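**Q** Provided below: data_36.txt, containing compact mmCIF, C-alpha atoms and all ligand atoms.
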```
# COMPACT_ATOMS: atom_id res chain seq x y z
CA MET A 12 0.00 0.00 0.00
CA ILE A 13 2.93 2.32 0.70
CA ALA A 14 4.19 1.70 -2.85
CA LEU A 15 0.72 2.38 -4.25
CA ALA A 16 0.45 5.66 -2.38
CA ARG A 17 3.97 6.63 -3.44
CA GLU A 18 3.32 5.86 -7.10
CA THR A 19 -0.14 7.42 -7.34
CA GLY A 20 0.31 10.36 -4.96
CA VAL A 21 -2.97 9.42 -3.26
CA GLU A 22 -3.27 10.54 0.36
CA LEU A 23 -2.23 7.82 2.83
CA ALA A 24 -3.67 7.54 6.34
CA ILE A 25 -2.13 5.25 8.97
CA ARG A 26 -4.44 3.84 11.61
CA SER A 27 -3.46 2.08 14.82
CA GLY A 28 -6.04 2.61 17.61
CA GLY A 29 -7.97 5.25 15.62
CA HIS A 30 -7.91 7.89 18.40
CA SER A 31 -6.24 10.67 16.44
CA ILE A 32 -7.78 13.87 17.79
CA PRO A 33 -7.68 15.78 14.44
CA GLY A 34 -8.86 12.64 12.57
CA HIS A 35 -5.55 11.86 10.87
CA SER A 36 -6.16 8.13 10.71
CA THR A 37 -8.80 8.42 8.04
CA THR A 38 -9.00 10.12 4.64
CA GLU A 39 -11.66 10.98 2.08
CA GLY A 40 -10.75 9.43 -1.24
CA GLY A 41 -7.32 8.28 -0.10
CA LEU A 42 -5.92 5.04 1.27
CA VAL A 43 -6.16 3.91 4.89
CA LEU A 44 -3.46 1.55 6.09
CA ASP A 45 -5.19 -0.09 9.05
CA LEU A 46 -2.63 -1.79 11.30
CA GLY A 47 -5.26 -3.86 13.13
CA ASP A 48 -3.75 -7.10 11.86
CA LEU A 49 -0.35 -6.20 13.34
CA ASN A 50 -1.61 -7.56 16.63
CA GLY A 51 1.26 -9.74 17.82
CA LEU A 52 2.29 -9.46 21.47
CA GLU A 53 5.21 -11.43 22.88
CA ILE A 54 6.15 -10.79 26.47
CA ASP A 55 9.54 -11.98 27.67
CA VAL A 56 8.89 -12.14 31.41
CA GLU A 57 12.48 -13.04 32.30
CA ASP A 58 13.97 -10.22 30.26
CA ARG A 59 11.14 -7.78 31.12
CA THR A 60 10.70 -6.75 27.51
CA ALA A 61 7.92 -7.16 24.96
CA TRP A 62 7.58 -7.03 21.19
CA VAL A 63 4.22 -5.60 20.25
CA GLY A 64 2.56 -5.03 16.88
CA GLY A 65 1.81 -1.45 15.83
CA GLY A 66 -1.95 -2.09 15.84
CA VAL A 67 -2.34 -3.36 19.41
CA THR A 68 -4.30 -1.23 21.88
CA THR A 69 -2.60 -0.03 25.04
CA GLY A 70 -5.39 -1.70 27.05
CA ARG A 71 -4.76 -5.14 25.61
CA TYR A 72 -1.03 -4.81 26.24
CA THR A 73 -1.61 -3.54 29.79
CA ASN A 74 -3.91 -6.45 30.63
CA ALA A 75 -1.51 -9.02 29.20
CA ALA A 76 1.50 -7.53 31.00
CA ALA A 77 -0.39 -7.36 34.31
CA GLU A 78 -0.82 -11.15 34.18
CA HIS A 79 2.92 -11.24 34.91
CA GLY A 80 2.94 -8.35 37.39
CA LEU A 81 4.51 -6.11 34.76
CA ALA A 82 3.62 -2.80 33.09
CA THR A 83 4.81 -0.29 30.51
CA PRO A 84 3.53 3.27 30.99
CA PHE A 85 0.91 4.43 28.47
CA GLY A 86 -1.91 6.98 28.72
CA ASP A 87 -5.21 7.02 30.59
CA THR A 88 -7.42 5.21 28.05
CA GLY A 89 -7.08 1.54 27.11
CA SER A 90 -8.64 1.87 23.64
CA VAL A 91 -5.87 4.22 22.45
CA GLY A 92 -3.43 2.50 20.09
CA ILE A 93 0.20 1.73 20.84
CA GLY A 94 1.07 3.27 17.46
CA GLY A 95 -0.10 6.86 17.83
CA LEU A 96 0.44 7.12 21.58
CA THR A 97 4.01 5.83 21.49
CA LEU A 98 5.18 7.78 18.45
CA GLY A 99 3.98 11.04 20.04
CA GLY A 100 5.43 10.43 23.53
CA GLY A 101 2.89 8.77 25.84
CA VAL A 102 1.95 10.58 29.08
CA GLY A 103 -0.07 8.65 31.63
CA PHE A 104 -0.55 7.16 35.07
CA LEU A 105 3.09 6.16 35.57
CA VAL A 106 4.72 9.28 34.13
CA ARG A 107 6.41 10.40 37.34
CA LYS A 108 7.48 6.94 38.44
CA HIS A 109 8.60 5.47 35.11
CA GLY A 110 8.52 8.32 32.58
CA LEU A 111 6.92 8.53 29.15
CA THR A 112 6.12 5.53 26.95
CA ILE A 113 9.02 6.50 24.67
CA ASP A 114 11.41 6.18 27.59
CA ASP A 115 10.72 2.44 27.44
CA VAL A 116 11.04 2.02 23.69
CA LEU A 117 14.11 -0.17 23.14
CA ALA A 118 13.69 -0.71 19.40
CA ALA A 119 11.17 -0.54 16.59
CA GLU A 120 10.66 -1.93 13.12
CA VAL A 121 9.78 0.77 10.63
CA VAL A 122 8.74 0.62 6.98
CA THR A 123 9.98 3.80 5.34
CA ALA A 124 8.56 5.73 2.36
CA ASP A 125 10.85 3.88 -0.07
CA GLY A 126 9.59 0.52 1.19
CA ARG A 127 12.59 -0.51 3.29
CA HIS A 128 11.85 -2.45 6.49
CA LEU A 129 14.34 -1.15 9.04
CA ARG A 130 15.20 -2.25 12.53
CA VAL A 131 15.67 0.96 14.46
CA ASP A 132 17.39 1.28 17.83
CA ALA A 133 20.20 3.12 19.58
CA ASP A 134 22.81 1.54 17.27
CA SER A 135 20.87 1.01 14.07
CA HIS A 136 19.52 4.19 12.42
CA PRO A 137 19.92 6.16 15.67
CA ASP A 138 18.64 9.33 13.96
CA LEU A 139 15.36 7.62 13.12
CA PHE A 140 15.25 6.07 16.59
CA TRP A 141 15.48 9.58 18.04
CA ALA A 142 12.80 10.94 15.69
CA ILE A 143 10.15 8.26 16.23
CA ARG A 144 10.25 8.87 19.97
CA GLY A 145 8.02 11.95 19.88
CA GLY A 146 8.01 12.87 16.18
CA GLY A 147 4.77 11.01 15.41
CA GLY A 148 4.04 9.14 12.20
CA ASN A 149 6.17 11.41 10.01
CA PHE A 150 8.98 8.98 9.26
CA GLY A 151 7.40 5.66 8.35
CA VAL A 152 5.06 2.96 9.56
CA ALA A 153 6.09 1.42 12.87
CA THR A 154 5.08 -2.21 12.45
CA ARG A 155 6.47 -3.38 15.81
CA PHE A 156 7.90 -1.87 18.97
CA GLN A 157 10.15 -3.47 21.54
CA LEU A 158 9.22 -2.06 24.95
CA ARG A 159 10.71 -2.34 28.43
CA LEU A 160 8.44 -3.58 31.22
CA HIS A 161 8.54 -2.63 34.89
CA GLU A 162 7.55 -4.72 37.84
CA LEU A 163 4.17 -3.50 39.02
CA ASP A 164 2.19 -5.91 41.09
CA GLY A 165 -0.52 -3.57 42.18
CA ILE A 166 -1.11 0.09 42.80
CA VAL A 167 -3.05 2.24 45.20
CA GLY A 168 -5.29 4.14 42.88
CA GLY A 169 -8.61 4.93 41.34
CA MET A 170 -11.12 7.71 41.20
CA LEU A 171 -11.30 10.43 43.82
CA ILE A 172 -14.05 12.97 43.27
CA LEU A 173 -13.90 16.18 45.26
CA PRO A 174 -16.02 19.32 45.08
CA ALA A 175 -14.20 21.84 42.87
CA THR A 176 -13.54 25.26 44.33
CA ALA A 177 -10.59 27.57 43.84
CA ASP A 178 -9.17 26.23 47.11
CA THR A 179 -9.52 22.53 46.29
CA VAL A 180 -8.16 22.92 42.74
CA TYR A 181 -5.19 24.91 44.02
CA GLY A 182 -4.71 22.51 46.94
CA PHE A 183 -4.94 19.46 44.70
CA MET A 184 -2.17 20.66 42.40
CA ALA A 185 0.00 21.71 45.35
CA GLU A 186 -0.38 18.19 46.81
CA ALA A 187 0.27 16.59 43.42
CA GLU A 188 3.53 18.51 43.19
CA ALA A 189 4.57 17.67 46.75
CA ALA A 190 3.65 13.99 46.42
CA PRO A 191 6.33 11.31 46.06
CA GLU A 192 7.18 10.33 42.49
CA GLU A 193 5.36 7.05 42.88
CA LEU A 194 2.16 9.06 42.69
CA SER A 195 0.90 10.44 39.39
CA ALA A 196 -2.28 12.48 39.39
CA ILE A 197 -4.70 13.58 36.70
CA ALA A 198 -7.33 16.11 37.77
CA ASN A 199 -10.33 16.70 35.50
CA VAL A 200 -12.14 19.78 36.71
CA MET A 201 -15.61 19.38 35.23
CA PRO A 202 -19.32 19.11 36.01
CA ALA A 203 -20.01 15.76 37.70
CA PRO A 204 -21.31 13.37 35.04
CA PRO A 205 -24.54 11.49 35.78
CA MET A 206 -22.72 8.37 36.89
CA PRO A 207 -24.80 5.85 38.82
CA PHE A 208 -22.49 5.85 41.86
CA LEU A 209 -22.78 9.63 42.29
CA PRO A 210 -25.73 11.01 44.27
CA ALA A 211 -28.25 12.65 41.91
CA GLU A 212 -27.88 16.05 43.60
CA GLN A 213 -24.20 16.07 42.62
CA HIS A 214 -24.82 15.59 38.90
CA GLY A 215 -23.78 18.73 37.05
CA ARG A 216 -21.98 20.28 40.03
CA LEU A 217 -18.38 21.25 39.45
CA VAL A 218 -15.99 18.57 40.76
CA ILE A 219 -12.39 17.52 40.57
CA PHE A 220 -12.74 14.14 38.91
CA ALA A 221 -9.29 12.84 39.76
CA LEU A 222 -7.50 9.68 38.82
CA LEU A 223 -4.67 8.80 41.17
CA ALA A 224 -2.08 6.08 40.77
CA TYR A 225 0.51 5.28 43.42
CA ALA A 226 2.93 2.72 42.01
CA GLY A 227 4.46 1.32 45.17
CA GLU A 228 3.79 -0.33 48.47
CA ALA A 229 0.18 -0.15 49.75
CA ASP A 230 0.80 1.54 53.12
CA ALA A 231 2.94 4.24 51.58
CA GLY A 232 0.29 4.66 48.90
CA GLU A 233 -2.41 5.27 51.50
CA ARG A 234 -0.17 7.88 53.15
CA ALA A 235 0.47 9.58 49.80
CA VAL A 236 -3.23 9.77 49.00
CA ALA A 237 -4.30 11.07 52.44
CA PRO A 238 -3.59 14.78 51.74
CA PHE A 239 -5.84 14.68 48.65
CA ARG A 240 -8.66 13.12 50.65
CA ALA A 241 -8.22 15.81 53.31
CA LEU A 242 -8.84 18.67 50.86
CA ALA A 243 -12.63 18.36 51.21
CA GLU A 244 -15.29 15.78 51.97
CA PRO A 245 -15.02 13.54 48.87
CA VAL A 246 -18.09 13.20 46.69
CA ALA A 247 -16.81 9.72 45.84
CA ASP A 248 -13.67 7.91 46.92
CA MET A 249 -12.72 4.73 45.10
CA VAL A 250 -9.01 4.91 45.73
CA ARG A 251 -7.78 1.60 47.08
CA PRO A 252 -5.24 -1.15 46.39
CA ILE A 253 -6.12 -2.44 42.91
CA ARG A 254 -4.58 -4.24 39.98
CA TYR A 255 -3.12 -1.68 37.61
CA PRO A 256 -5.46 -2.42 34.65
CA GLU A 257 -8.47 -1.59 36.82
CA LEU A 258 -7.52 2.07 36.49
CA PHE A 259 -8.58 2.09 32.85
CA VAL A 260 -12.19 2.88 33.46
CA GLY A 261 -13.34 4.33 30.12
CA PRO A 262 -16.66 3.22 28.66
CA PRO A 263 -16.15 0.18 26.38
CA ASP A 264 -18.65 1.48 23.83
CA GLU A 265 -19.63 5.10 23.43
CA GLY A 266 -22.82 4.16 21.54
CA ASP A 267 -24.62 7.12 20.01
CA TYR A 268 -22.69 9.71 22.01
CA HIS A 269 -20.61 11.52 19.40
CA PRO A 270 -20.22 15.11 20.58
CA VAL A 271 -18.33 17.80 18.72
CA ALA A 272 -15.27 18.91 20.68
CA VAL A 273 -12.86 21.79 20.66
CA ALA A 274 -9.75 21.69 22.81
CA ARG A 275 -6.40 23.32 23.47
CA THR A 276 -3.35 21.78 25.07
CA MET A 277 -0.55 23.62 26.83
CA TYR A 278 1.94 23.44 29.68
CA VAL A 279 2.16 25.70 32.72
CA ASP A 280 4.66 25.99 35.56
CA SER A 281 2.13 26.14 38.36
CA ILE A 282 -1.54 26.47 39.22
CA ASP A 283 -1.62 29.20 41.83
CA ARG A 284 -4.80 30.21 43.62
CA SER A 285 -5.67 32.83 41.06
CA ALA A 286 -5.30 30.33 38.18
CA ALA A 287 -7.48 27.87 40.11
CA GLU A 288 -10.09 30.60 40.57
CA THR A 289 -10.03 31.35 36.84
CA ILE A 290 -10.56 27.66 36.01
CA VAL A 291 -13.53 27.35 38.34
CA GLU A 292 -15.12 30.64 37.22
CA GLN A 293 -14.69 29.89 33.53
CA LEU A 294 -16.02 26.34 33.82
CA GLU A 295 -19.08 27.71 35.62
CA ALA A 296 -19.56 30.20 32.77
CA SER A 297 -19.27 27.69 29.90
CA THR A 298 -22.45 27.05 27.92
CA ALA A 299 -21.16 23.77 26.48
CA MET A 300 -22.84 20.44 27.19
CA MET A 301 -19.59 19.48 28.93
CA ALA A 302 -16.55 21.62 29.67
CA VAL A 303 -13.40 20.35 31.30
CA THR A 304 -9.96 21.53 32.34
CA GLN A 305 -7.58 18.62 32.76
CA LEU A 306 -4.44 19.11 34.84
CA ARG A 307 -1.64 16.54 34.78
CA MET A 308 1.31 16.86 37.12
CA LEU A 309 4.55 15.96 35.32
CA GLY A 310 8.17 15.80 36.52
CA GLY A 311 9.77 12.77 38.15
CA ALA A 312 11.30 10.16 35.86
CA ALA A 313 10.08 11.92 32.69
CA ALA A 314 12.00 15.05 33.68
CA ARG A 315 15.27 13.20 34.33
CA VAL A 316 15.73 12.25 30.67
CA PRO A 317 17.76 14.93 28.85
CA VAL A 318 15.60 17.27 26.75
CA ASP A 319 17.47 16.41 23.54
CA ALA A 320 17.46 12.62 24.07
CA THR A 321 14.22 12.18 22.12
CA ALA A 322 11.95 14.29 19.90
CA TYR A 323 9.65 14.96 22.88
CA ALA A 324 11.13 18.27 24.03
CA HIS A 325 9.04 19.17 27.09
CA ARG A 326 10.83 17.25 29.83
CA GLN A 327 11.09 20.33 32.02
CA SER A 328 7.45 21.35 31.68
CA ARG A 329 5.72 21.02 35.03
CA ILE A 330 1.99 20.66 34.39
CA MET A 331 0.05 19.71 31.28
CA VAL A 332 -3.26 21.53 30.86
CA ASN A 333 -5.97 20.44 28.43
CA VAL A 334 -9.02 22.68 28.09
CA ALA A 335 -11.97 21.19 26.22
CA ALA A 336 -15.62 21.87 25.43
CA LEU A 337 -17.99 19.19 24.14
CA PHE A 338 -21.31 20.03 22.52
CA GLY A 339 -23.93 18.78 20.11
CA ALA A 340 -23.99 20.93 16.97
CA PRO A 341 -21.08 21.84 14.66
CA GLN A 342 -22.45 25.38 14.22
CA GLU A 343 -21.66 26.01 17.89
CA VAL A 344 -17.91 25.64 17.23
CA PRO A 345 -17.09 29.40 17.15
CA GLU A 346 -18.82 30.07 20.49
CA HIS A 347 -17.13 27.22 22.33
CA GLU A 348 -13.79 27.75 20.62
CA ARG A 349 -13.82 31.34 21.92
CA TRP A 350 -14.38 29.98 25.42
CA VAL A 351 -11.63 27.34 25.14
CA VAL A 352 -9.10 29.79 23.69
CA GLY A 353 -10.09 32.44 26.26
CA LEU A 354 -9.44 30.10 29.18
CA ALA A 355 -6.21 28.77 27.68
CA ASP A 356 -5.00 32.37 27.16
CA ALA A 357 -5.92 33.30 30.71
CA LEU A 358 -3.90 30.37 32.09
CA ARG A 359 -0.86 30.79 29.84
CA GLN A 360 2.47 31.45 31.56
CA ASP A 361 6.00 31.36 30.13
CA ASP A 362 5.92 27.82 28.76
CA THR A 363 4.83 28.04 25.10
CA GLY A 364 5.15 24.32 24.34
CA ALA A 365 2.44 21.87 23.29
CA TYR A 366 2.13 18.07 23.45
CA VAL A 367 1.75 16.74 19.92
CA ASN A 368 -0.68 13.95 20.84
CA PHE A 369 -3.23 16.42 22.21
CA LEU A 370 -2.99 18.92 19.35
CA GLY A 371 -6.00 19.37 17.10
CA ASP A 372 -5.90 20.71 13.58
CA GLU A 373 -4.28 23.97 14.65
CA GLY A 374 -1.73 24.85 11.97
CA GLU A 375 2.05 24.83 11.61
CA GLU A 376 2.78 27.29 14.40
CA ARG A 377 1.29 24.92 16.95
CA ILE A 378 3.15 21.92 15.51
CA ARG A 379 6.31 23.95 15.91
CA ALA A 380 5.30 24.59 19.52
CA ALA A 381 5.41 20.80 19.97
CA TYR A 382 8.92 20.72 18.52
CA PRO A 383 10.64 23.92 19.62
CA GLY A 384 13.98 25.24 18.36
CA PRO A 385 16.62 22.64 17.56
CA THR A 386 14.11 19.78 17.84
CA TRP A 387 12.26 21.07 14.76
CA ASP A 388 15.45 21.54 12.74
CA ARG A 389 16.66 18.05 13.58
CA LEU A 390 13.28 16.52 12.72
CA VAL A 391 13.16 18.33 9.36
CA GLU A 392 16.63 17.05 8.54
CA ILE A 393 15.64 13.45 9.36
CA LYS A 394 12.34 13.82 7.50
CA ARG A 395 14.30 14.93 4.42
CA ARG A 396 16.40 11.81 4.63
CA TYR A 397 13.64 9.24 5.19
CA ASP A 398 10.57 10.83 3.56
CA PRO A 399 11.74 13.49 1.08
CA THR A 400 8.40 13.56 -0.80
CA ASN A 401 6.32 13.80 2.38
CA LEU A 402 4.43 10.58 1.70
CA PHE A 403 3.59 10.45 5.43
CA ARG A 404 1.89 13.83 5.60
CA LEU A 405 -1.49 13.05 7.18
CA ASN A 406 -0.23 13.75 10.70
CA GLN A 407 1.07 16.70 12.71
CA ASN A 408 3.27 17.27 9.74
CA ILE A 409 6.96 18.07 9.69
CA PRO A 410 7.52 18.98 6.03
CA PRO A 411 10.91 18.02 4.49
CA ARG A 412 11.94 21.61 3.79
C1 LIG B 501 -9.96 9.44 24.71
C2 LIG B 501 -8.49 9.79 24.51
C3 LIG B 501 -7.63 9.71 25.58
C4 LIG B 501 -6.28 9.99 25.43
N1 LIG B 501 -5.44 9.92 26.52
C5 LIG B 501 -4.12 10.12 26.35
C6 LIG B 501 -3.22 10.00 27.44
O1 LIG B 501 -3.61 9.75 28.57
N2 LIG B 501 -1.91 10.21 27.21
C7 LIG B 501 -1.42 10.50 25.97
O2 LIG B 501 -0.21 10.64 25.85
N3 LIG B 501 -2.24 10.65 24.92
C8 LIG B 501 -3.58 10.46 25.07
N4 LIG B 501 -4.42 10.63 24.03
C9 LIG B 501 -3.89 11.10 22.74
C10 LIG B 501 -3.40 9.92 21.91
O3 LIG B 501 -2.11 9.54 22.36
C11 LIG B 501 -3.30 10.32 20.43
O4 LIG B 501 -4.57 10.71 19.98
C12 LIG B 501 -2.74 9.17 19.59
O5 LIG B 501 -2.32 9.68 18.35
C13 LIG B 501 -3.76 8.09 19.38
O6 LIG B 501 -3.13 6.94 18.92
P1 LIG B 501 -3.96 5.85 18.11
O7 LIG B 501 -3.02 4.85 17.63
O8 LIG B 501 -5.13 5.42 18.94
O9 LIG B 501 -4.56 6.74 16.96
P2 LIG B 501 -4.56 6.65 15.38
O10 LIG B 501 -5.64 7.60 14.99
O11 LIG B 501 -4.66 5.26 14.90
O12 LIG B 501 -3.15 7.22 15.00
C14 LIG B 501 -2.85 8.58 15.11
C15 LIG B 501 -1.77 8.94 14.14
O13 LIG B 501 -0.57 8.39 14.59
C16 LIG B 501 0.19 7.90 13.49
N5 LIG B 501 0.37 6.46 13.67
C17 LIG B 501 -0.34 5.65 14.48
N6 LIG B 501 0.21 4.43 14.49
C18 LIG B 501 1.26 4.47 13.67
C19 LIG B 501 2.25 3.53 13.29
N7 LIG B 501 2.26 2.29 13.79
N8 LIG B 501 3.21 3.91 12.42
C20 LIG B 501 3.22 5.17 11.95
N9 LIG B 501 2.33 6.11 12.27
C21 LIG B 501 1.36 5.76 13.14
C22 LIG B 501 -0.56 8.28 12.25
O14 LIG B 501 -0.09 9.52 11.80
C23 LIG B 501 -1.97 8.40 12.74
O15 LIG B 501 -2.74 9.28 11.99
C24 LIG B 501 -5.79 10.38 24.16
C25 LIG B 501 -6.66 10.48 23.07
C26 LIG B 501 -8.00 10.19 23.24
C27 LIG B 501 -8.92 10.32 22.06
```
Re-express the file's structure as structure tokens.
Ligand SMILES: Cc1cc2nc3c(=O)[nH]c(=O)nc-3n(C[C@H](O)[C@H](O)[C@H](O)COP(=O)(O)OP(=O)(O)OC[C@H]3O[C@@H](n4cnc5c(N)ncnc54)[C@H](O)[C@@H]3O)c2cc1C
**A**
Amino acid sequence: MIALARETGVELAIRSGGHSIPGHSTTEGGLVLDLGDLNGLEIDVEDRTAWVGGGVTTGRYTNAAAEHGLATPFGDTGSVGIGGLTLGGGVGFLVRKHGLTIDDVLAAEVVTADGRHLRVDADSHPDLFWAIRGGGGNFGVATRFQLRLHELDGIVGGMLILPATADTVYGFMAEAEAAPEELSAIANVMPAPPMPFLPAEQHGRLVIFALLAYAGEADAGERAVAPFRALAEPVADMVRPIRYPELFVGPPDEGDYHPVAVARTMYVDSIDRSAAETIVEQLEASTAMMAVTQLRMLGGAAARVPVDATAYAHRQSRIMVNVAALFGAPQEVPEHERWVVGLADALRQDDTGAYVNFLGDEGEERIRAAYPGPTWDRLVEIKRRYDPTNLFRLNQNIPPR
């Protein structure tokens, strides 16, 4: 199919888990290379490594690895594909303890634009090995990855839902920063969804819908979680010793729920009380069906890897912020986009970076924000070498010029 696309010039989409936010894994009138059949998964328990096909979901891998008390860090949703998540970086529940997904990529097999099937690692095509760890699908089709696994028997984790006020949002992020590295926290500040385990009077009220994961010993985990619980009387508290895969709570089938969404991603250095107040006020003011500000504390193991070691260049960024509005009708886009951009602008500090895997269709300037300074120049140089005609262009594109 790569040869066909090369020879005809027809647009080529690559699909792993199909979760591309700007819809890059499909095309109108072009070719879709669906990697679903690349579903091999071989776990070497002794060696603590795995070879996994480029079409496997992160959930399937996580479940299989957990059978052996092992894990590789991915994101927060099991239906996301290994392909897209890994090539863009991979930020999830173990980011502070074990780093990004790319920090556990030991090797990959990549089919390049000219049809070569390359083994890529620190010694073989090291330039390409650097580029595919953060540079997305710009350089070829990753048919297999070799990933490192970590021992992870169980975690203390789960959902903690607290009322959202300026004080609790500020306090939550202060605790997330002060917490030991074993603890990674994702806080979704949003109206409480009508979930059956939440009292009806809470539905629609602003909450911190947090997902906590302490990757370590249970007693220490309970101690690490205590300050979060103490911020306010929890609306729901499901944090307990669990098997790691139990954290992946997303609905298996979204049925007829297909909202339109607009979102912005950014990094900030801190969420002070005034930023927390802005988040709460703006969420209260949103007219969208659902509005959310997601805060992810970074640092830890991810920050100890040198900035130029991979194409993910935001190792020193402290907090990832994703602002999103979900609504029913496409004609409402301008109204909700104004709200999303307004809140993102109000929260912006000195960090101008962006995480490529959360970017929408936002233009070249934003792609450059994902790959600042020398990272962009190095990626362009490698793109020129491996994909000079920009065959792999349906992505957050790094043109070969
Ligand atoms: C509900 C949801 C939750 C998410 N949570 C997180 C999270 O917690 N952490 C995080 O880091 N990200 C998260 N993301 C973002 C996610 O990492 C990206 O959207 C990612 O690109 C999706 O990967 P995929 O394989 O499912 O998508 P796809 O749509 O299949 O692929 C996306 C793009 O990646 C490229 N690509 C994919 N596989 C290959 C391959 N094997 N070879 C070459 N190119 C390839 C292609 O350009 C493709 O268009 C989330 C996204 C969603 C929708």
**Q** Which is closest to ligand LIG 501 (chain B) among A:Ala241, A:Val152, A:Ala175, A:Ala61, if we use all atoms listed in the file?
**A**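 Once distances to ligand LIG 501 (chain B) are computed over all atoms listed in the file, the minimum belongs to A:Val152.
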**Q** Which distance in Å separates atom CA of A:Gly101 and atom CA of A:Val218, to one decimal?
**A**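 Distance between the two atoms: 26.0 Å.
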**Q** Which residue out of A:Ile113, A:Ala153, A:Ala16, A:Ala243 has the minimum interatomic distance to ligand LIG 501 (chain B) when all atoms listed in the file are used?
**A**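 Between A:Ile113, A:Ala153, A:Ala16, A:Ala243, the residue approaching ligand LIG 501 (chain B) most closely is A:Ala153.
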**Q** Grab the atom CA of A:Val391 to atom CA of A:Ile378 distance for me, in Å with one decimal place.
**A** 12.3 Å
**Q** Taking every listed atom of ligand LIG 501 (chain B) and adding 4 Å to each side, what centre and edge lengths in Å (one decimal) does the axis-aligned box have, as lines of an AutoDock Vina configuration file?
**A**
```
center_x = -3.4
center_y = 6.7
center_z = 20.2
size_x = 21.2
size_y = 16.8
size_z = 24.8
```
**Q** Leaving out A:Arg284 and any residue of its chain fewer than 2 positions from it, which residues lie within 7 Å of it when counting all atoms listed in the file, given as a PyMOL selection string?
**A** chain A and resi 177-178+181+282+286-288
**Q** Find the residues near ligand LIG 501 (chain B). Use a cut-off of 7 Å, count all atoms listed in the file, and write them as a PyMOL selection string.
**A** chain A and resi 24-32+34-36+46+65-66+85-88+90-96+98-103+147-149+151-154+368-369+405-406
**Q** Can you tell me how far atom CA of A:Thr363 sits from atom CA of A:Glu376, in Å to one decimal?
**A** 10.9 Å
**Q** Just checking: using all atoms listed in the file, which residue out of A:Pro270, A:Gly168, A:Gly311, A:Pro210 ends up closest to A:Ala224?
**A**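 Ranking A:Pro270, A:Gly168, A:Gly311, A:Pro210 by distance to A:Ala224, first place goes to A:Gly168.
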**Q** Counting all atoms listed in the file, which residues come within 6 Å of (16.6, 18.4, 5.6), with the point read in the file's coordinates, and could you list them as a ChimeraX atom specification?
**A** /A:391-392,395,411-412
**Q** Need the shell around A:Gln342: protein/DNA/RNA residues with any atom at most 12 Å away, counting only C-alpha atoms. Skip same-chain ones fewer than 5 positions apart. Format as a tab-separated table (two decimals) with C-alpha atoms, in the frame of the given file?
**A**
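For reference, out.tsv as written:
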```tsv
chain	number	residue	atom	x	y	z
A	271	VAL	CA	-18.33	17.80	18.72
A	272	ALA	CA	-15.27	18.91	20.68
A	347	HIS	CA	-17.13	27.22	22.33
A	348	GLU	CA	-13.79	27.75	20.62
```
**Q** Looking at only C-alpha atoms, which of A:Ala198, A:Leu258, A:Ile219, A:Met301 is the one that sits closest to A:Asn333?
**A**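 Selected residue with least distance to A:Asn333: A:Ala198.
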**Q** So which one's closest to A:Gly146, A:Thr97, A:Met308, A:Glu18, A:Leu242? Using all atoms listed in the file, please.
**A**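 Smallest distance to A:Gly146 is found for A:Thr97.
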**Q** With all atoms listed in the file as the atoms that count, which of A:Ala14, A:Val351, A:Val167, A:Met201 lies nearest to A:Glu257?
**A** A:Val167
**Q** Write out as a PyMOL selection string which residues come within 12 Å of stretch 251-254 of chain A when counting only C-alpha atoms, dropping same-chain ones fewer than 6 positions away.
**A** chain A and resi 73-74+76-82+163-171+222-237
**Q** Please write as a ChimeraX atom specification the list of polymer residues whose atoms come within 10 Å of (5.8, 22.1, 15.1), counting all atoms listed in the file and keeping to the coordinates of the file.
**A** /A:146,364-367,374-384,386-388,390,407-410
**Q** Kindly assemble as a tab-separated table a list of the stretch 97-194 of chain A residues that lie within 6 Å of stretch 315-326 of chain A, each paired with its nearest atom pair and their distance in Å to one decimal, using only C-alpha atoms, sorted first by chain and then by ascending residue number.
**A**
```
residue	atom	partner	partner_atom	distance
A:Trp141	CA	A:Thr321	CA	5.0
A:Ala142	CA	A:Ala322	CA	5.4
A:Arg144	CA	A:Thr321	CA	5.6
A:Gly145	CA	A:Tyr323	CA	4.6
A:Gly146	CA	A:Ala322	CA	5.6
```
**Q** Create the file for the chosen residues now, containing C-alpha atoms and written as a PDB file, keeping the file's coordinate frame.
**A**
```
ATOM      1  CA  TRP A 141      15.480   9.580  18.040  1.00  0.00           C
ATOM      2  CA  ALA A 142      12.800  10.940  15.690  1.00  0.00           C
ATOM      3  CA  ARG A 144      10.250   8.870  19.970  1.00  0.00           C
ATOM      4  CA  GLY A 145       8.020  11.950  19.880  1.00  0.00           C
ATOM      5  CA  GLY A 146       8.010  12.870  16.180  1.00  0.00           C
TER       6      GLY A 146
END
```
**Q** Counting all atoms listed in the file, what is within 10 Å of A:Ala357, bar same-chain residues fewer than 4 positions away, as number ranges by chain?
**A** A: 286, 289-290, 293, 351-353
